[in-house]
file start_5.cif (mmCIF, C-alpha atoms)
data_data
loop_
_atom_site.label_atom_id
_atom_site.label_comp_id
_atom_site.auth_asym_id
_atom_site.auth_seq_id
_atom_site.Cartn_x
_atom_site.Cartn_y
_atom_site.Cartn_z
CA MET A 159 -28.99 42.77 0.02
CA LYS A 160 -26.80 39.81 0.98
CA ASN A 161 -26.82 36.78 -1.32
CA VAL A 162 -26.16 33.12 -0.58
CA LEU A 163 -26.00 30.46 -3.27
CA PHE A 164 -26.58 26.78 -2.52
CA ILE A 165 -25.26 24.34 -5.11
CA GLY A 166 -27.01 21.02 -4.59
CA PHE A 167 -26.03 17.61 -5.88
CA VAL A 168 -29.79 16.93 -5.93
CA TRP A 169 -32.93 18.98 -5.30
CA PRO A 170 -33.81 18.59 -1.60
CA GLU A 171 -36.47 16.02 -0.62
CA PRO A 172 -37.21 16.80 3.06
CA THR A 173 -40.01 14.22 3.26
CA THR A 174 -37.81 11.35 2.07
CA THR A 175 -34.30 12.03 3.40
CA ALA A 176 -32.70 13.60 6.46
CA ALA A 177 -30.26 15.34 4.11
CA GLY A 178 -33.17 17.16 2.46
CA GLY A 179 -34.42 18.35 5.83
CA ARG A 180 -30.93 19.45 6.80
CA ILE A 181 -30.52 21.67 3.72
CA LEU A 182 -33.93 23.20 4.41
CA GLN A 183 -32.80 24.11 7.94
CA LEU A 184 -29.74 25.90 6.54
CA ILE A 185 -31.83 27.72 3.94
CA THR A 186 -34.26 28.83 6.64
CA TYR A 187 -31.37 30.13 8.74
CA PHE A 188 -30.02 32.29 5.90
CA THR A 189 -33.50 33.54 5.04
CA GLN A 190 -33.97 34.67 8.63
CA GLN A 191 -30.57 36.41 8.43
CA ASN A 192 -32.01 38.49 5.54
CA TYR A 193 -30.05 36.78 2.79
CA THR A 194 -31.52 36.33 -0.65
CA VAL A 195 -31.24 32.57 -1.15
CA THR A 196 -30.72 30.88 -4.52
CA PHE A 197 -30.61 27.11 -4.94
CA ALA A 198 -28.96 25.69 -8.05
CA SER A 199 -28.51 22.12 -9.22
CA THR A 200 -27.67 20.11 -12.33
CA ALA A 201 -30.08 17.35 -11.26
CA ALA A 202 -33.64 16.72 -12.39
CA LYS A 203 -36.44 17.23 -9.90
CA SER A 204 -38.58 14.42 -8.50
CA VAL A 205 -42.15 14.31 -7.19
CA TYR A 206 -40.70 14.63 -3.67
CA SER A 207 -38.58 17.74 -4.40
CA VAL A 208 -39.31 20.72 -2.16
CA ASP A 209 -41.41 23.58 -3.51
CA PHE A 210 -39.00 26.49 -3.17
CA SER A 211 -41.45 29.06 -4.50
CA SER A 212 -43.44 28.87 -1.26
CA LEU A 213 -40.24 29.61 0.70
CA GLY A 214 -39.15 32.64 -1.31
CA VAL A 215 -36.07 30.80 -2.58
CA LEU A 216 -34.87 31.40 -6.13
CA GLU A 217 -34.15 28.38 -8.32
CA LYS A 218 -31.59 27.87 -11.06
CA GLN A 219 -31.00 24.85 -13.25
CA ILE A 220 -27.28 24.80 -14.03
CA GLN A 221 -25.10 22.81 -16.40
CA LEU A 222 -21.91 20.93 -15.69
CA ASN A 223 -18.79 21.84 -17.68
CA ASN A 224 -20.41 24.93 -19.12
CA THR A 225 -19.28 28.56 -18.99
CA SER A 226 -22.90 29.64 -18.52
CA PHE A 227 -22.36 28.95 -14.82
CA ASP A 228 -19.58 31.56 -14.76
CA ASP A 229 -21.95 34.17 -16.19
CA PHE A 230 -24.68 33.17 -13.73
CA ILE A 231 -22.52 33.41 -10.64
CA ASN A 232 -20.85 36.60 -11.82
CA ASP A 233 -24.26 38.27 -12.13
CA LEU A 234 -25.44 36.85 -8.80
CA ASN A 235 -22.18 37.82 -7.03
CA PRO A 236 -22.97 35.84 -3.86
CA ASP A 237 -21.46 36.68 -0.47
CA ILE A 238 -21.55 32.99 0.50
CA VAL A 239 -21.64 29.77 -1.53
CA VAL A 240 -22.72 26.53 0.18
CA PHE A 241 -21.76 23.27 -1.52
CA ASP A 242 -24.18 20.46 -0.71
CA ARG A 243 -21.77 17.48 -0.52
CA PHE A 244 -18.15 17.44 -1.65
CA LEU A 245 -19.13 16.36 -5.16
CA THR A 246 -20.55 19.78 -6.01
CA GLU A 247 -17.43 21.46 -4.59
CA GLU A 248 -15.34 19.31 -6.93
CA GLN A 249 -17.49 20.28 -9.89
CA PHE A 250 -18.00 23.98 -9.24
CA GLY A 251 -15.57 25.04 -6.52
CA TRP A 252 -12.84 26.18 -8.89
CA ARG A 253 -15.33 28.25 -10.89
CA VAL A 254 -16.62 29.92 -7.72
CA ALA A 255 -13.06 30.65 -6.55
CA GLN A 256 -12.17 32.08 -9.95
CA VAL A 257 -15.25 34.23 -10.64
CA VAL A 258 -16.21 35.38 -7.11
CA PRO A 259 -13.02 34.94 -5.06
CA ASN A 260 -14.32 36.98 -2.11
CA ALA A 261 -17.32 34.73 -1.52
CA ILE A 262 -17.05 32.53 1.57
CA ARG A 263 -17.09 28.88 0.46
CA ILE A 264 -18.85 26.51 2.87
CA LEU A 265 -18.95 22.74 2.40
CA ASP A 266 -21.91 20.97 4.00
CA THR A 267 -20.57 17.42 4.25
CA GLU A 268 -24.01 15.89 5.10
CA ASP A 269 -22.06 12.87 6.29
CA LEU A 270 -18.56 11.73 5.41
CA HIS A 271 -19.01 9.85 2.16
CA PHE A 272 -15.66 8.09 2.45
CA LEU A 273 -16.56 6.75 5.88
CA ARG A 274 -19.86 5.43 4.58
CA LYS A 275 -18.10 3.78 1.62
CA ALA A 276 -15.33 2.25 3.76
CA ARG A 277 -17.83 0.82 6.22
CA GLU A 278 -19.88 -0.69 3.42
CA GLU A 279 -16.78 -2.40 2.05
CA ALA A 280 -15.79 -3.61 5.53
CA PHE A 281 -19.30 -4.99 6.10
CA LYS A 282 -19.17 -6.92 2.81
CA ASN A 283 -15.93 -8.50 4.03
CA GLY A 284 -17.42 -9.48 7.37
CA LYS A 285 -15.69 -6.78 9.41
CA LEU A 286 -17.31 -4.46 11.96
CA GLN A 287 -15.21 -1.40 11.11
CA PRO A 288 -12.64 -0.42 8.46
CA THR A 289 -9.08 0.06 9.63
CA GLU A 290 -7.45 3.48 9.54
CA GLU A 291 -5.27 2.19 6.69
CA ALA A 292 -8.35 1.11 4.72
CA LEU A 293 -9.92 4.55 5.22
CA LYS A 294 -6.87 6.36 3.93
CA LYS A 295 -6.38 4.11 0.90
CA LEU A 296 -9.75 4.91 -0.68
CA GLU A 297 -9.72 7.39 -3.57
CA ILE A 298 -12.95 8.94 -2.31
CA THR A 299 -11.23 9.70 1.01
CA LYS A 300 -8.54 11.73 -0.71
CA ARG A 301 -11.14 13.55 -2.79
CA GLU A 302 -13.37 14.43 0.15
CA ILE A 303 -10.51 15.51 2.42
CA ALA A 304 -9.16 17.68 -0.41
CA SER A 305 -12.59 19.28 -0.78
CA ILE A 306 -12.64 20.08 2.94
CA TYR A 307 -9.24 21.77 2.68
CA ARG A 308 -10.30 23.82 -0.37
CA SER A 309 -13.36 25.16 1.45
CA ASP A 310 -13.19 28.04 3.93
CA PHE A 311 -14.89 25.76 6.44
CA SER A 312 -16.97 22.59 6.46
CA LEU A 313 -20.13 21.80 8.39
CA VAL A 314 -19.81 18.42 10.10
CA ILE A 315 -23.01 16.85 11.36
CA SER A 316 -21.64 14.12 13.64
CA MET A 317 -19.51 14.52 16.76
CA TYR A 318 -17.72 11.29 15.85
CA GLU A 319 -16.89 12.52 12.35
CA GLU A 320 -15.56 15.82 13.68
CA GLN A 321 -13.13 13.95 15.92
CA LEU A 322 -12.18 11.59 13.08
CA LEU A 323 -11.24 14.53 10.86
CA LYS A 324 -9.26 16.21 13.63
CA ASN A 325 -7.49 13.21 15.09
CA THR A 326 -6.98 10.84 12.15
CA PHE A 327 -6.63 13.34 9.31
CA LYS A 328 -5.16 16.20 11.38
CA ILE A 329 -7.50 18.83 9.93
CA ASP A 330 -7.31 22.10 11.85
CA SER A 331 -10.38 22.95 13.91
CA SER A 332 -10.64 26.35 12.17
CA LEU A 333 -11.75 24.48 9.02
CA LEU A 334 -14.53 22.56 10.76
CA LEU A 335 -17.80 23.46 12.45
CA HIS A 336 -19.85 20.82 14.23
CA LEU A 337 -23.39 21.72 13.24
CA PRO A 338 -25.98 18.93 13.57
CA PHE A 339 -29.70 19.27 12.87
CA MET A 340 -31.02 22.61 14.15
CA LEU A 341 -34.26 21.93 16.01
CA ASP A 342 -36.81 23.85 18.01
CA ALA A 343 -36.96 23.24 21.76
CA TYR A 344 -38.33 19.80 22.59
CA SER A 345 -41.90 19.44 23.79
CA ASN A 346 -43.33 16.03 24.62
CA THR A 347 -45.65 15.10 21.78
CA GLY A 348 -47.58 12.01 20.81
CA ASN A 349 -49.58 9.50 22.74
CA SER A 350 -48.72 8.02 26.10
CA PHE A 351 -47.19 4.55 26.57
CA LYS A 352 -50.64 2.93 26.96
CA ASN A 353 -52.05 4.59 23.85
CA ARG A 354 -49.28 3.49 21.51
CA LYS A 355 -48.70 0.17 19.81
CA ASP A 356 -46.46 -1.65 17.34
CA PHE A 357 -42.95 -1.08 16.04
CA VAL A 358 -41.77 1.10 13.16
CA CYS A 359 -38.75 1.22 10.86
CA ILE A 360 -38.30 4.18 8.51
CA GLY A 361 -35.66 4.60 5.80
CA ASN A 362 -35.16 5.71 2.21
CA GLY A 363 -34.78 2.69 -0.08
CA LYS A 364 -31.97 4.32 -2.07
CA HIS A 365 -29.75 4.18 1.02
CA LYS A 366 -28.01 0.78 1.26
CA PRO A 367 -27.75 0.71 5.09
CA ASN A 368 -31.54 1.08 5.27
CA VAL A 369 -32.12 -1.78 2.85
CA ASP A 370 -29.76 -4.00 4.84
CA ALA A 371 -31.51 -3.01 8.09
CA VAL A 372 -34.91 -4.13 6.80
CA LEU A 373 -33.48 -7.39 5.47
CA TRP A 374 -31.81 -8.08 8.83
CA LEU A 375 -35.07 -7.31 10.61
CA HIS A 376 -36.98 -9.67 8.35
CA LYS A 377 -34.54 -12.56 8.53
CA GLU A 378 -33.34 -12.56 12.15
CA ILE A 379 -34.66 -9.85 14.44
CA TRP A 380 -38.41 -9.68 13.83
CA PRO A 381 -39.03 -13.44 14.22
CA LEU A 382 -37.46 -13.22 17.71
CA ILE A 383 -39.60 -10.20 18.65
CA ARG A 384 -42.75 -11.73 17.20
CA LYS A 385 -42.18 -14.91 19.21
CA GLU A 386 -42.42 -12.87 22.42
CA LEU A 387 -45.10 -10.44 21.19
CA PRO A 388 -47.33 -12.40 18.79
CA GLU A 389 -49.86 -9.57 18.42
CA ALA A 390 -47.34 -6.84 17.63
CA LYS A 391 -46.75 -5.53 14.12
CA LEU A 392 -43.74 -3.94 12.44
CA HIS A 393 -44.50 -1.10 10.02
CA ILE A 394 -41.85 -0.41 7.34
CA TYR A 395 -41.93 3.03 5.72
CA GLY A 396 -39.68 4.67 3.15
CA ALA A 397 -39.60 6.23 -0.30
CA TYR A 398 -37.99 4.33 -3.18
CA LEU A 399 -38.22 0.93 -1.50
CA PRO A 400 -36.83 -1.75 -3.87
CA GLN A 401 -38.73 -4.90 -4.78
CA GLN A 402 -36.55 -7.04 -2.52
CA LEU A 403 -38.14 -5.17 0.41
CA THR A 404 -41.72 -4.73 -0.81
CA GLU A 405 -41.99 -8.46 -1.47
CA LYS A 406 -41.27 -9.11 2.23
CA HIS A 407 -44.70 -7.76 3.16
CA ASN A 408 -46.54 -10.43 5.15
CA ALA A 409 -49.71 -9.69 7.11
CA LYS A 410 -49.61 -13.09 8.82
CA THR A 411 -46.25 -12.40 10.46
CA GLY A 412 -47.03 -8.73 11.13
CA PHE A 413 -44.20 -7.57 8.82
CA LEU A 414 -45.97 -4.74 6.98
CA VAL A 415 -44.17 -2.87 4.17
CA HIS A 416 -46.07 0.34 3.42
CA GLY A 417 -43.70 2.38 1.26
CA TRP A 418 -43.51 6.15 1.56
CA GLY A 419 -45.18 7.70 4.60
CA GLU A 420 -46.28 11.30 4.08
CA ASP A 421 -46.08 12.36 7.75
CA ALA A 422 -43.22 10.76 9.69
CA ASN A 423 -44.16 12.67 12.83
CA GLN A 424 -47.67 11.27 12.90
CA ILE A 425 -46.35 7.76 12.28
CA MET A 426 -43.83 8.07 15.12
CA GLN A 427 -46.39 9.47 17.57
CA GLN A 428 -48.63 6.44 17.14
CA THR A 429 -45.81 3.89 17.48
CA LYS A 430 -44.39 2.53 20.72
CA VAL A 431 -40.81 1.65 19.65
CA ASN A 432 -38.62 2.66 16.68
CA LEU A 433 -36.22 0.04 15.25
CA ALA A 434 -33.06 1.05 13.38
CA PRO A 435 -30.67 -1.93 13.08
CA LEU A 436 -28.03 -0.15 10.97
CA ARG A 437 -24.88 -2.20 10.42
CA PHE A 438 -22.96 0.36 8.35
CA GLY A 439 -23.28 3.98 7.30
CA ALA A 440 -22.18 7.41 8.53
CA GLY A 441 -23.46 10.75 9.78
CA ILE A 442 -26.34 11.12 12.21
CA LYS A 443 -29.68 9.49 11.53
CA GLY A 444 -32.77 11.55 10.82
CA LYS A 445 -35.03 8.63 11.74
CA LEU A 446 -33.58 8.57 15.26
CA ILE A 447 -33.95 12.34 15.63
CA ASP A 448 -37.56 12.09 14.44
CA ALA A 449 -38.20 9.38 17.01
CA MET A 450 -36.84 11.52 19.86
CA ARG A 451 -38.81 14.56 18.72
CA ASN A 452 -42.00 12.52 18.89
CA GLY A 453 -41.25 10.84 22.20
CA THR A 454 -40.61 7.42 20.65
CA PRO A 455 -37.74 5.37 22.15
CA SER A 456 -35.41 3.65 19.69
CA VAL A 457 -33.41 0.45 19.55
CA THR A 458 -30.42 0.86 17.26
CA THR A 459 -26.78 -0.18 16.85
CA LYS A 460 -23.55 1.53 17.86
CA ILE A 461 -23.20 2.86 14.32
CA GLY A 462 -26.83 4.00 14.35
CA ALA A 463 -26.43 6.09 17.50
CA GLU A 464 -22.85 7.16 16.75
CA GLY A 465 -22.04 10.83 17.18
CA MET A 466 -25.57 11.69 18.29
CA TYR A 467 -25.71 11.76 22.07
CA GLY A 468 -22.29 12.70 23.47
CA ASN A 469 -21.90 11.61 27.09
CA LEU A 470 -25.64 11.42 27.77
CA ALA A 471 -27.76 8.28 28.10
CA TRP A 472 -29.27 7.02 24.83
CA SER A 473 -32.97 7.40 24.09
CA GLY A 474 -33.65 3.67 24.20
CA GLU A 475 -31.24 0.78 23.76
CA ILE A 476 -28.12 -0.01 21.71
CA ALA A 477 -27.45 -3.57 20.53
CA ASP A 478 -25.31 -5.13 17.81
CA THR A 479 -26.54 -8.73 17.66
CA ALA A 480 -29.96 -9.93 16.56
CA ALA A 481 -30.64 -11.62 19.92
CA ASN A 482 -29.72 -8.56 21.99
CA PHE A 483 -31.57 -6.27 19.62
CA ALA A 484 -34.77 -8.31 19.94
CA THR A 485 -34.47 -8.64 23.73
CA ASN A 486 -34.04 -4.88 24.15
CA ALA A 487 -36.91 -4.15 21.78
CA VAL A 488 -39.27 -6.41 23.72
CA ASN A 489 -38.19 -4.90 27.03
CA LEU A 490 -38.81 -1.33 25.84
CA TYR A 491 -42.16 -2.36 24.41
CA THR A 492 -43.40 -3.95 27.63
CA ASN A 493 -41.62 -1.99 30.40
CA GLU A 494 -43.32 1.36 30.89
CA ALA A 495 -40.69 2.67 33.34
CA ALA A 496 -37.85 1.92 30.89
CA TRP A 497 -39.88 3.42 28.04
CA LEU A 498 -40.55 6.66 29.95
CA GLN A 499 -36.89 6.97 30.93
CA ALA A 500 -35.84 6.50 27.30
CA GLN A 501 -38.29 9.23 26.28
CA LYS A 502 -36.83 11.54 28.93
CA ASN A 503 -33.30 10.75 27.69
CA GLY A 504 -34.33 11.75 24.17
CA ALA A 505 -35.58 15.12 25.37
CA GLU A 506 -32.28 15.79 27.14
CA ILE A 507 -30.27 14.85 24.04
CA LEU A 508 -32.31 17.18 21.82
CA ASN A 509 -32.14 20.14 24.19
CA THR A 510 -28.41 19.66 24.83
CA TYR A 511 -27.04 19.10 21.32
CA TYR A 512 -29.70 20.15 18.80
CA ALA A 513 -31.14 23.44 20.11
CA LYS A 514 -31.63 25.64 17.07
CA THR A 515 -30.96 28.94 18.86
CA ASN A 516 -27.53 27.82 20.11
CA LEU A 517 -26.50 26.30 16.78
CA GLU A 518 -27.61 29.31 14.74
CA THR A 519 -25.54 31.57 17.01
CA LYS A 520 -22.56 29.25 16.51
CA LEU A 521 -22.91 29.45 12.72
CA SER A 522 -23.42 33.23 12.76
CA ASN A 523 -20.27 33.73 14.84
CA LYS A 524 -18.21 31.60 12.44
CA ILE A 525 -19.42 33.48 9.37
CA SER A 526 -18.93 36.84 11.06
CA THR A 527 -15.35 35.98 12.01
CA LEU A 528 -14.49 35.03 8.42
CA GLN A 529 -16.18 38.08 6.96
CA LYS A 530 -13.94 40.32 9.09
CA ASP A 531 -10.69 38.80 7.80
CA LEU A 532 -11.16 36.12 5.16
CA GLU A 533 -7.67 36.63 3.73
CA LYS A 534 -6.00 35.88 7.07
CA HIS A 535 -8.06 32.70 7.44
CA ARG A 536 -7.12 31.52 3.94
CA ASN A 537 -3.44 32.32 4.43
CA ALA A 538 -3.43 30.09 7.51
CA ASN A 539 -4.82 27.22 5.40
CA PHE A 540 -1.72 26.60 3.31
CA ILE A 541 -2.72 23.08 2.28
CA GLY A 542 -6.01 24.47 0.99
CA SER A 543 -4.24 27.07 -1.15
CA LEU A 544 -1.89 24.37 -2.40
CA LEU A 545 -4.80 22.20 -3.47
CA GLN A 546 -6.51 25.16 -5.13
CA HIS A 547 -3.34 25.75 -7.12
CA HIS A 548 -2.64 22.17 -8.20
CA SER A 549 -5.41 19.60 -7.91
CA MET A 550 -8.15 21.93 -9.12
CA MET A 551 -6.18 22.70 -12.24
CA SER A 552 -6.80 19.19 -13.55
CA THR A 553 -10.53 19.53 -12.86
CA LYS A 554 -10.54 22.99 -14.40
CA TYR A 555 -8.88 22.05 -17.66
CA LEU A 556 -10.78 18.79 -18.02
CA SER A 557 -13.99 20.78 -17.66
CA LYS A 558 -12.82 23.33 -20.20
CA TRP A 559 -11.91 20.54 -22.62
CA ILE A 560 -15.35 18.92 -22.25
CA ALA A 561 -17.09 22.27 -22.72
CA GLU A 562 -15.06 23.00 -25.85
CA LYS A 563 -15.75 19.54 -27.24
CA GLU A 564 -19.51 19.90 -26.68
CA GLN A 565 -19.53 23.29 -28.39
CA LYS A 566 -17.85 21.81 -31.46
CA ASN A 567 -20.33 18.93 -31.50
CA GLU A 568 -23.22 21.41 -31.47
CA VAL A 569 -21.75 23.15 -34.50
#

call {"tool": "encode", "arguments": {"input": "start_5.cif", "output": "structure tokens"}}
result
Amino acid sequence: MKNVLFIGFVWPEPTTTAAGGRILQLITYFTQQNYTVTFASTAAKSVYSVDFSSLGVLEKQIQLNNTSFDDFINDLNPDIVVFDRFLTEEQFGWRVAQVVPNAIRILDTEDLHFLRKAREEAFKNGKLQPTEEALKKLEITKREIASIYRSDFSLVISMYEEQLLKNTFKIDSSLLLHLPFMLDAYSNTGNSFKNRKDFVCIGNGKHKPNVDAVLWLHKEIWPLIRKELPEAKLHIYGAYLPQQLTEKHNAKTGFLVHGWGEDANQIMQQTKVNLAPLRFGAGIKGKLIDAMRNGTPSVTTKIGAEGMYGNLAWSGEIADTAANFATNAVNLYTNEAAWLQAQKNGAEILNTYYAKTNLETKLSNKISTLQKDLEKHRNANFIGSLLQHHSMMSTKYLSKWIAEKEQKNEV
């Protein structure tokens, strides 16, 4: 029986984050490939954490800086280890490489954390995008790029981020695999144009770009839309919404903050237009994928739609100023022909770039190639072997020192 181990920075929450749904797609893939799947994490579970027992996935609570992990992974002896985010590769990658050196090490980047961080800093300073110099100066950039090199290959979710890694950081294509959300074939679902109403904005409140998006909607965009459509309402959904958002709830202005919505698909199918005014961030956006899957056109920004639709037409409109955003939202809401075309565009995007069958074949081929000659692949990645030899040594011995210190404290 083949074994795959996922090491998660957190326990997946597929109903609150796109990242949780993404991990579940990968787990489902390996299950269908007849792997025994184990998910391990140092984190505590939440009320939104997925119930793995119903999926036949084994669970393991692990400890950081503790040799018990070495015993665990030695007994498990996985064929493949998937690191959920570069942070878990930093923490456990050297242990995996040391104890089970023949296991294929895959990094699922989720999105590029350094890009998200750099854009947040640029936004705070009133800039649209960070410079290449600013990207490369960040410590987190060096850490994440190093993690990519140490892994046998990394899953990159955004077309834009794949090109950034290749062109700006000169990472060889053999170390990267563009693998966005893996979705079933699109089928038009939800109500027709005439049977839908209102606007929706969905986003986890722990994610800063989502918080900023709601605040921008409340302050500048929604008043402009409401002026043109005085009967329309905007429904805000998301887990972990902070007080600064919940206190914006105002029935008189149609700005309705609901909190967590249990069924995003049902919400989308009843709504006419999805709003995602994201001014910074990275990766591809689960809320925009959900909208397309449910036949709901979206108005978003260049950063919101980035890396999601290739050379196809967007499923709605793209705008980067409050005035343009509002104008496009009103037009989509009132123009049935434009709305239907946007819905059609979404279907084409999904079937072109997110077809599960094609993406699963792509992943299977990559794994199969490495399994045939993993040593050759690693020998070609000299920088990766260099980083394994040097940079991980500091992590290794710091971890050993902490573990030894904790043992003495227990005595």

call {"tool": "resolve_selection", "arguments": {"input": "start_5.cif", "expression": "the PyMOL selection byres ((chain A and resi 354) around 10)", "output": "VMD selection string"}}
result
chain A and resid 348 to 353 355 to 357 426 to 431 454 491

call {"tool": "closest_residue", "arguments": {"input": "start_5.cif", "among": "A:Ala463, A:Ile442, A:Ile220, A:Leu373", "to": "A:Glu320", "atoms": "only C-alpha atoms"}}
result
A:Ile442

call {"tool": "residues_around", "arguments": {"input": "start_5.cif", "residues": "A:Leu322", "least_positions_apart": "4", "cutoff": "12 Å", "atoms": "all atoms listed in the file", "output": "count of residues only"}}
result
21

call {"tool": "closest_residue", "arguments": {"input": "start_5.cif", "among": "A:Gly444, A:Gly453, A:Pro381, A:Pro435", "to": "A:Asn362", "atoms": "all atoms listed in the file"}}
result
A:Gly444

call {"tool": "atom_distance", "arguments": {"input": "start_5.cif", "atom1": "atom CA of A:Tyr206", "atom2": "atom CA of A:Glu171"}}
result
5.4 Å

call {"tool": "resolve_selection", "arguments": {"input": "start_5.cif", "expression": "the PyMOL selection byres ((chain A and resi 462) around 9)", "output": "PDB file with C-alpha atoms, keeping the file's coordinate frame"}}
result
ATOM      1  CA  ALA A 434     -33.060   1.050  13.380  1.00  0.00           C
ATOM      2  CA  PRO A 435     -30.670  -1.930  13.080  1.00  0.00           C
ATOM      3  CA  LEU A 436     -28.030  -0.150  10.970  1.00  0.00           C
ATOM      4  CA  ARG A 437     -24.880  -2.200  10.420  1.00  0.00           C
ATOM      5  CA  PHE A 438     -22.960   0.360   8.350  1.00  0.00           C
ATOM      6  CA  GLY A 439     -23.280   3.980   7.300  1.00  0.00           C
ATOM      7  CA  ALA A 440     -22.180   7.410   8.530  1.00  0.00           C
ATOM      8  CA  GLY A 441     -23.460  10.750   9.780  1.00  0.00           C
ATOM      9  CA  ILE A 442     -26.340  11.120  12.210  1.00  0.00           C
ATOM     10  CA  LYS A 443     -29.680   9.490  11.530  1.00  0.00           C
ATOM     11  CA  LEU A 446     -33.580   8.570  15.260  1.00  0.00           C
ATOM     12  CA  THR A 458     -30.420   0.860  17.260  1.00  0.00           C
ATOM     13  CA  THR A 459     -26.780  -0.180  16.850  1.00  0.00           C
ATOM     14  CA  LYS A 460     -23.550   1.530  17.860  1.00  0.00           C
ATOM     15  CA  ILE A 461     -23.200   2.860  14.320  1.00  0.00           C
ATOM     16  CA  ALA A 463     -26.430   6.090  17.500  1.00  0.00           C
ATOM     17  CA  GLU A 464     -22.850   7.160  16.750  1.00  0.00           C
ATOM     18  CA  GLY A 465     -22.040  10.830  17.180  1.00  0.00           C
ATOM     19  CA  MET A 466     -25.570  11.690  18.290  1.00  0.00           C
ATOM     20  CA  ILE A 476     -28.120  -0.010  21.710  1.00  0.00           C
TER      21      ILE A 476
END

call {"tool": "resolve_selection", "arguments": {"input": "start_5.cif", "expression": "the PyMOL selection byres ((chain A and resi 252-259) around 8)", "output": "mmCIF file with C-alpha atoms, in the coordinates of the input"}}
result
data_model
loop_
_atom_site.group_PDB
_atom_site.id
_atom_site.type_symbol
_atom_site.label_atom_id
_atom_site.label_comp_id
_atom_site.auth_asym_id
_atom_site.auth_seq_id
_atom_site.Cartn_x
_atom_site.Cartn_y
_atom_site.Cartn_z
ATOM 1 C CA ASP A 228 -19.580 31.560 -14.760
ATOM 2 C CA ILE A 231 -22.520 33.410 -10.640
ATOM 3 C CA ASN A 232 -20.850 36.600 -11.820
ATOM 4 C CA ASN A 235 -22.180 37.820 -7.030
ATOM 5 C CA PRO A 236 -22.970 35.840 -3.860
ATOM 6 C CA VAL A 239 -21.640 29.770 -1.530
ATOM 7 C CA GLU A 247 -17.430 21.460 -4.590
ATOM 8 C CA GLU A 248 -15.340 19.310 -6.930
ATOM 9 C CA GLN A 249 -17.490 20.280 -9.890
ATOM 10 C CA PHE A 250 -18.000 23.980 -9.240
ATOM 11 C CA GLY A 251 -15.570 25.040 -6.520
ATOM 12 C CA ASN A 260 -14.320 36.980 -2.110
ATOM 13 C CA ALA A 261 -17.320 34.730 -1.520
ATOM 14 C CA GLN A 546 -6.510 25.160 -5.130
ATOM 15 C CA MET A 550 -8.150 21.930 -9.120
ATOM 16 C CA LYS A 554 -10.540 22.990 -14.400
#

call {"tool": "closest_residue", "arguments": {"input": "start_5.cif", "among": "A:Leu433, A:Leu392, A:Ala471, A:Ala484", "to": "A:Ala500", "atoms": "only C-alpha atoms"}}
result
A:Ala471

call {"tool": "atom_distance", "arguments": {"input": "start_5.cif", "atom1": "atom CA of A:Glu268", "atom2": "atom CA of A:Gly468"}}
result
18.7 Å

call {"tool": "residues_near_point", "arguments": {"input": "start_5.cif", "point": "(-10.9, 33.0, 12.6)", "cutoff": "12 Å", "atoms": "all atoms listed in the file", "output": "NGL selection string"}}
result
:A and (310-311 or 330-335 or 523-539)

call {"tool": "atom_distance", "arguments": {"input": "start_5.cif", "atom1": "atom CA of A:Gly417", "atom2": "atom CA of A:Lys445"}}
result
15.0 Å

call {"tool": "residues_around", "arguments": {"input": "start_5.cif", "residues": "A:Gln190", "least_positions_apart": "5", "cutoff": "12 Å", "atoms": "all atoms listed in the file", "output": "VMD selection string"}}
result
chain A and resid 160 183 to 185 195 213 to 214 518 522

call {"tool": "residues_around", "arguments": {"input": "start_5.cif", "residues": "stretch 394-403 of chain A", "least_positions_apart": "6", "cutoff": "10 Å", "atoms": "all atoms listed in the file", "output": "ChimeraX atom specification"}}
result
/A:173-175,206,357-365,368-370,372-373,376,413-420,422,425,433

call {"tool": "residues_near_point", "arguments": {"input": "start_5.cif", "point": "(-37.4, 18.2, -6.8)", "cutoff": "12 Å", "atoms": "all atoms listed in the file", "output": "number ranges by chain"}}
result
A: 166-174, 178, 197-211, 217, 219

call {"tool": "closest_residue", "arguments": {"input": "start_5.cif", "among": "A:Ala480, A:Phe244, A:Gln221, A:Ser305", "to": "A:Leu544", "atoms": "only C-alpha atoms"}}
result
A:Ser305

call {"tool": "closest_residue", "arguments": {"input": "start_5.cif", "among": "A:Phe339, A:Phe164, A:Lys324, A:Ala292", "to": "A:Arg180", "atoms": "all atoms listed in the file"}}
result
A:Phe339
